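Below you'll find the structure, written out as structure tokens, and then a few comments.
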Amino acid sequence: MIFYIQNQIKKAILKKFGIKIKQEIIIEQPPDAKMGDFCFSCFLLTNEAKKSPKEIAEILAQEIKSDKIIRETKNIGPYLNFFIQRKEFFKNICFVILKQKQKKARARCITSLFKSQILIEFSSPNTNKPLHLGHFRSSILGMSLANLLEEIDYKVIKINLINDRGIHICKAMLAYQKWGENKTPESEKIKGDHFVGNFYTLFDKEVKKEQEAKKIEKITETNFYKEASEMLKKWEQGDEEVMKLWKKMNQWALDGLKKTYQRIGIKFNKWYFESQTYKIGREIILKALKKGICYQRKDGAIEIDLTQYGLDKKVLLRSDGTSVYVTQDIGVAKLKFDQFKFNQSIILTGVEQIYHFQVLFKILELLNFKWAKKCVHLIHEMVNLPEGKMKSREGKVVDSDNLLDEMEKMAQEEIQKRDQNISFKELEQRAKKISLAAIKFHLLKVNPKQAIYFDPRKSLSFEGATGPYLQYTYARIQSILRKIQHEITYSATDFSCLKEEEEWELGKRIFEFSDTIKRAAQDYNPAILSEYLLKLASSFNKFYHQYSILKAKSKEIQTARLALIQSVAIVLKKGLNLLGIEEIEKM
């Protein structure tokens, strides 16, 4: 439909002004439905046509004639407005969806990266604690972005970079070495990531005790911190005892993290580990030192001066020879390009890492890696609770497992209020889907660059801007469709029966789906799709409460409305799935 209107505009422009338009013609919806169903802004043509937008609109309105698709064309100021033949409109959109002629709601992508390979690195946890709500946001965002980009025909490689080396890992290891008493996750009946995380928290508590007892100002001056630093040196030197402990605790943590990923539906194509990639980064830095790109300080540390680029000096290798975060990031970046020859490498992290990636990308550029410009840093803001930001070191973090457990319990309560006869098995399955929908949608409905205040109870509401509300809307449509006792043949549907404005509004909402996916993918913003799904559900519920479907005035109207709402259901399901949310047949 849109392509048809775009082509008609292009033909008219070529005929009247001799201008061949190569770029995409943007078709929008007017702010008021009385002005038209769709519109085109003529400001685009002012320079080439050498006329005012209003004059261009007047000329094009006279040129483009009515046909089986376009009922009427009007110019209103600088806009060219189109009124569409509604029967053809409904027939077009419903048949495409109902017959599933397209496996995907494809949208033409106008970027140069069309059908190219994109890497998305997200989540990237440490192996010293479980996933918390901040990791949850990164994981859900990364997965939904991958889904959206794949939907418009990009080849996407989902990457998880595991931070499994460094001083923070050694803190948990040292605490276990001192106070672990050979306990295991199995002996304590606890997930491995939680088990390891408890020792990381214990280390921090013991350091604070030492600081207070000895009146030490800096944590780095405590004996516990010095011991952890010494352990890190031994780790990088391959000390047998340290490596044995590290492998054991690292595996405990990884096993726990993978269980959480499986629970929330997160999948990766490739896993990288800092314990492996830091060596690649170190080799690159040592070569850069010989070339004079960086220099060695008097204390032995290797540093690079970025002050002329508005950044600071950055240590690349410490004076004791151990690596810093940016060391392994350099190694990962090189490894990713060598393995995948990517067209774009997206790294999704929290907003607090903006400066780190400014430094990293500048270093990659100075190292003369031509692909450095293809690296993109996407940020997401923090997830806050009513009492403030989460702090993992103080043990105040809301970890994903505990959150999911609590949400499932609350979801079960809400379900039982509506259906006291539900079986226990069905209750568990439904509660799991609803609780995940609640959390995921709450995290995705907000622009990634905006902070979120997470309220578990509100996110579970079956009304308002929530995931369960969308699931409920889908289930309501399925309930109607289940009541149909006979098979419906939509090929003979008379869509001229759909005359109500609420039906028209619903049809236009369905029509917007493909373009919405494209915008959400290209803007790296699943909130665009989330907002669309809320509007679609709202339009359906408005229609549902005003007009009967099963008791329509005629069989023809009933069939047309069934075709319309089934199309809504297909779009709702597809949209939810792209956000990583499962639909529910019964609520």
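Identifiers in the structure tokens: chain A, B, ... in order shown; residue index from 1 per chain; ligand index from 1 in order shown.
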I need the residues in region 14-233 of chain A that are helix (DSSP H, G or I) according to DSSP; give them as a VMD selection string.
chain A and resid 14 to 17 33 to 35 42 to 49 53 to 63 86 to 98 133 to 151 167 to 179 185 to 188 192 to 214 219 to 221 223 to 233
Write out the residues from the selection above, keeping C-alpha atoms, as a JSON list (two decimals), in the first residue's frame.
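Saved as selection_2.json:
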[["chain", "number", "residue", "atom", "x", "y", "z"],
["A", 14, "LEU", "CA", 9.04, 12.92, -12.65],
["A", 15, "LYS", "CA", 6.22, 13.92, -15.02],
["A", 16, "LYS", "CA", 5.61, 17.43, -13.62],
["A", 17, "PHE", "CA", 9.10, 18.49, -12.56],
["A", 33, "ALA", "CA", -7.89, 11.78, 10.41],
["A", 34, "LYS", "CA", -10.20, 14.30, 8.68],
["A", 35, "MET", "CA", -7.20, 15.64, 6.76],
["A", 42, "CYS", "CA", 6.56, 18.44, -0.04],
["A", 43, "PHE", "CA", 9.38, 20.30, 1.71],
["A", 44, "LEU", "CA", 11.69, 17.59, 0.35],
["A", 45, "LEU", "CA", 11.30, 18.93, -3.20],
["A", 46, "THR", "CA", 11.62, 22.69, -2.76],
["A", 47, "ASN", "CA", 15.23, 23.01, -3.94],
["A", 48, "GLU", "CA", 15.00, 20.75, -6.97],
["A", 49, "ALA", "CA", 11.50, 21.80, -8.10],
["A", 53, "PRO", "CA", 6.05, 23.27, -0.82],
["A", 54, "LYS", "CA", 2.47, 24.53, -1.09],
["A", 55, "GLU", "CA", 2.74, 24.97, -4.87],
["A", 56, "ILE", "CA", 4.27, 21.52, -5.25],
["A", 57, "ALA", "CA", 1.44, 19.97, -3.22],
["A", 58, "GLU", "CA", -1.18, 21.71, -5.39],
["A", 59, "ILE", "CA", 0.41, 20.46, -8.63],
["A", 60, "LEU", "CA", 0.79, 16.87, -7.40],
["A", 61, "ALA", "CA", -2.78, 16.78, -6.05],
["A", 62, "GLN", "CA", -4.04, 17.58, -9.57],
["A", 63, "GLU", "CA", -1.76, 15.02, -11.21],
["A", 86, "ARG", "CA", -10.94, 1.20, 2.56],
["A", 87, "LYS", "CA", -12.14, -2.08, 1.08],
["A", 88, "GLU", "CA", -8.87, -2.53, -0.79],
["A", 89, "PHE", "CA", -6.91, -1.39, 2.23],
["A", 90, "PHE", "CA", -8.41, -4.00, 4.56],
["A", 91, "LYS", "CA", -8.17, -6.69, 1.90],
["A", 92, "ASN", "CA", -4.51, -5.91, 1.34],
["A", 93, "ILE", "CA", -3.35, -5.92, 4.96],
["A", 94, "CYS", "CA", -5.51, -8.78, 6.24],
["A", 95, "PHE", "CA", -4.76, -11.15, 3.37],
["A", 96, "VAL", "CA", -1.02, -10.60, 3.69],
["A", 97, "ILE", "CA", -1.16, -11.39, 7.41],
["A", 98, "LEU", "CA", -3.76, -14.16, 7.39],
["A", 133, "LEU", "CA", 18.50, -6.20, 37.43],
["A", 134, "GLY", "CA", 20.99, -4.06, 35.51],
["A", 135, "HIS", "CA", 22.29, -7.16, 33.72],
["A", 136, "PHE", "CA", 18.67, -8.10, 33.09],
["A", 137, "ARG", "CA", 18.09, -4.82, 31.25],
["A", 138, "SER", "CA", 21.21, -5.28, 29.12],
["A", 139, "SER", "CA", 20.29, -8.89, 28.35],
["A", 140, "ILE", "CA", 16.69, -8.14, 27.41],
["A", 141, "LEU", "CA", 17.67, -5.09, 25.36],
["A", 142, "GLY", "CA", 20.40, -6.98, 23.52],
["A", 143, "MET", "CA", 18.15, -9.94, 22.71],
["A", 144, "SER", "CA", 15.28, -7.77, 21.48],
["A", 145, "LEU", "CA", 17.62, -5.65, 19.33],
["A", 146, "ALA", "CA", 19.01, -8.82, 17.79],
["A", 147, "ASN", "CA", 15.46, -10.01, 17.04],
["A", 148, "LEU", "CA", 14.53, -6.70, 15.44],
["A", 149, "LEU", "CA", 17.64, -6.52, 13.28],
["A", 150, "GLU", "CA", 17.19, -10.11, 12.15],
["A", 151, "GLU", "CA", 13.59, -9.28, 11.26],
["A", 167, "ILE", "CA", 41.04, -8.02, 40.95],
["A", 168, "HIS", "CA", 37.29, -8.44, 41.56],
["A", 169, "ILE", "CA", 37.50, -12.15, 40.74],
["A", 170, "CYS", "CA", 40.47, -12.53, 43.05],
["A", 171, "LYS", "CA", 38.53, -10.87, 45.88],
["A", 172, "ALA", "CA", 35.93, -13.66, 45.80],
["A", 173, "MET", "CA", 38.68, -16.28, 45.45],
["A", 174, "LEU", "CA", 40.65, -14.93, 48.42],
["A", 175, "ALA", "CA", 37.52, -14.84, 50.58],
["A", 176, "TYR", "CA", 36.75, -18.47, 49.72],
["A", 177, "GLN", "CA", 40.35, -19.44, 50.37],
["A", 178, "LYS", "CA", 40.15, -17.88, 53.85],
["A", 179, "TRP", "CA", 36.60, -18.74, 54.92],
["A", 185, "PRO", "CA", 27.26, -24.96, 45.85],
["A", 186, "GLU", "CA", 26.01, -28.54, 46.08],
["A", 187, "SER", "CA", 26.76, -28.87, 49.79],
["A", 188, "GLU", "CA", 25.05, -25.54, 50.48],
["A", 192, "GLY", "CA", 26.94, -21.47, 41.81],
["A", 193, "ASP", "CA", 26.79, -17.76, 40.94],
["A", 194, "HIS", "CA", 25.07, -16.97, 44.25],
["A", 195, "PHE", "CA", 27.59, -19.10, 46.13],
["A", 196, "VAL", "CA", 30.55, -17.24, 44.61],
["A", 197, "GLY", "CA", 28.78, -13.89, 44.98],
["A", 198, "ASN", "CA", 28.42, -14.42, 48.73],
["A", 199, "PHE", "CA", 32.20, -14.60, 49.07],
["A", 200, "TYR", "CA", 32.65, -11.44, 46.99],
["A", 201, "THR", "CA", 30.31, -9.63, 49.39],
["A", 202, "LEU", "CA", 32.11, -11.18, 52.36],
["A", 203, "PHE", "CA", 35.47, -9.85, 51.10],
["A", 204, "ASP", "CA", 34.08, -6.32, 50.97],
["A", 205, "LYS", "CA", 32.72, -6.58, 54.52],
["A", 206, "GLU", "CA", 36.03, -7.83, 55.87],
["A", 207, "VAL", "CA", 37.95, -5.05, 54.10],
["A", 208, "LYS", "CA", 35.68, -2.46, 55.71],
["A", 209, "LYS", "CA", 36.27, -4.00, 59.10],
["A", 210, "GLU", "CA", 40.02, -3.76, 58.53],
["A", 211, "GLN", "CA", 39.72, -0.14, 57.36],
["A", 212, "GLU", "CA", 37.76, 0.83, 60.45],
["A", 213, "ALA", "CA", 39.96, -1.12, 62.88],
["A", 214, "LYS", "CA", 43.24, 0.22, 61.47],
["A", 219, "ILE", "CA", 40.95, 0.22, 50.31],
["A", 220, "THR", "CA", 44.09, -0.41, 48.23],
["A", 221, "GLU", "CA", 46.19, 0.04, 51.37],
["A", 223, "ASN", "CA", 46.17, -6.13, 53.72],
["A", 224, "PHE", "CA", 43.18, -7.93, 52.22],
["A", 225, "TYR", "CA", 43.37, -5.85, 49.03],
["A", 226, "LYS", "CA", 47.13, -6.35, 48.79],
["A", 227, "GLU", "CA", 46.63, -10.11, 49.12],
["A", 228, "ALA", "CA", 44.03, -10.03, 46.32],
["A", 229, "SER", "CA", 46.44, -8.03, 44.13],
["A", 230, "GLU", "CA", 49.18, -10.57, 44.80],
["A", 231, "MET", "CA", 46.76, -13.35, 43.85],
["A", 232, "LEU", "CA", 46.05, -11.58, 40.54],
["A", 233, "LYS", "CA", 49.78, -11.49, 39.77]]
Within 7 Å of Ile581 (chain A), counting only C-alpha atoms, which residues qualify if same-chain residues fewer than 4 places away don't, as a PyMOL selection string?
chain A and resi 437+576-577
With N, CA and C atoms retained, write the just-selected residues as a compact mmCIF listing (two decimals), in the first residue's frame.
# COMPACT_ATOMS: atom_id res chain seq x y z
N ALA A 437 6.95 -11.56 31.20
CA ALA A 437 6.40 -10.48 30.36
C ALA A 437 6.38 -9.16 31.13
N LEU A 576 5.20 -9.19 20.37
CA LEU A 576 5.62 -9.66 21.68
C LEU A 576 6.84 -10.57 21.56
N ASN A 577 6.81 -11.49 20.60
CA ASN A 577 7.93 -12.41 20.41
C ASN A 577 9.21 -11.67 20.07
Residue neighbourhood region 530-535 of chain A, 7 Å, only C-alpha atoms, exclusion window fewer than 6 positions, as a PyMOL selection string
chain A and resi 444-445+465+572+575
Can you spit out the residues from that selection as a compact mmCIF listing (two decimals), in the first residue's frame, using C-alpha atoms?
# COMPACT_ATOMS: atom_id res chain seq x y z
CA LEU A 444 11.75 -2.36 27.14
CA LYS A 445 8.94 0.18 27.09
CA ALA A 465 1.16 -0.05 29.90
CA LEU A 572 0.43 -8.81 18.69
CA GLY A 575 5.50 -8.05 18.26
Give me the residues within 10 Å of Val332 (chain A) as number ranges by chain, counting only C-alpha atoms and dropping any in the same chain fewer than 6 places off.
A: 161, 272-274, 276-281, 326, 338
Deliver the residues from the most recent selection as a file, using N, CA and C atoms, as a JSON list (two decimals), in the first residue's frame.
[["chain", "number", "residue", "atom", "x", "y", "z"],
["A", 161, "LEU", "N", 30.52, -11.41, 26.46],
["A", 161, "LEU", "CA", 31.91, -11.33, 26.92],
["A", 161, "LEU", "C", 31.92, -11.52, 28.43],
["A", 272, "TYR", "N", 32.90, -15.05, 24.64],
["A", 272, "TYR", "CA", 34.31, -14.72, 24.80],
["A", 272, "TYR", "C", 34.60, -14.62, 26.29],
["A", 273, "PHE", "N", 35.86, -14.91, 26.65],
["A", 273, "PHE", "CA", 36.26, -14.87, 28.06],
["A", 273, "PHE", "C", 37.49, -13.99, 28.20],
["A", 274, "GLU", "N", 37.41, -13.05, 29.13],
["A", 274, "GLU", "CA", 38.53, -12.12, 29.33],
["A", 274, "GLU", "C", 39.80, -12.87, 29.70],
["A", 276, "GLN", "N", 40.98, -15.28, 28.37],
["A", 276, "GLN", "CA", 41.66, -15.69, 27.13],
["A", 276, "GLN", "C", 42.07, -14.49, 26.28],
["A", 277, "THR", "N", 41.20, -13.47, 26.24],
["A", 277, "THR", "CA", 41.41, -12.35, 25.31],
["A", 277, "THR", "C", 42.43, -11.32, 25.80],
["A", 278, "TYR", "N", 42.69, -11.27, 27.12],
["A", 278, "TYR", "CA", 43.62, -10.24, 27.61],
["A", 278, "TYR", "C", 45.03, -10.46, 27.05],
["A", 279, "LYS", "N", 45.36, -11.72, 26.75],
["A", 279, "LYS", "CA", 46.70, -12.01, 26.20],
["A", 279, "LYS", "C", 46.85, -11.40, 24.80],
["A", 280, "ILE", "N", 45.77, -11.46, 24.00],
["A", 280, "ILE", "CA", 45.81, -10.87, 22.66],
["A", 280, "ILE", "C", 46.01, -9.36, 22.78],
["A", 281, "GLY", "N", 45.26, -8.75, 23.72],
["A", 281, "GLY", "CA", 45.40, -7.31, 23.94],
["A", 281, "GLY", "C", 46.79, -6.93, 24.39],
["A", 326, "VAL", "N", 40.80, -2.28, 29.63],
["A", 326, "VAL", "CA", 40.93, -1.89, 28.23],
["A", 326, "VAL", "C", 41.86, -2.83, 27.48],
["A", 338, "ASP", "N", 38.66, -10.46, 13.31],
["A", 338, "ASP", "CA", 39.37, -11.56, 12.65],
["A", 338, "ASP", "C", 38.44, -12.75, 12.39]]
For a test of reading the model, state the distance in Å between CA of Gln308 (chain A) and CA of Val359 (chain A), rounded to one decimal.
12.2 Å
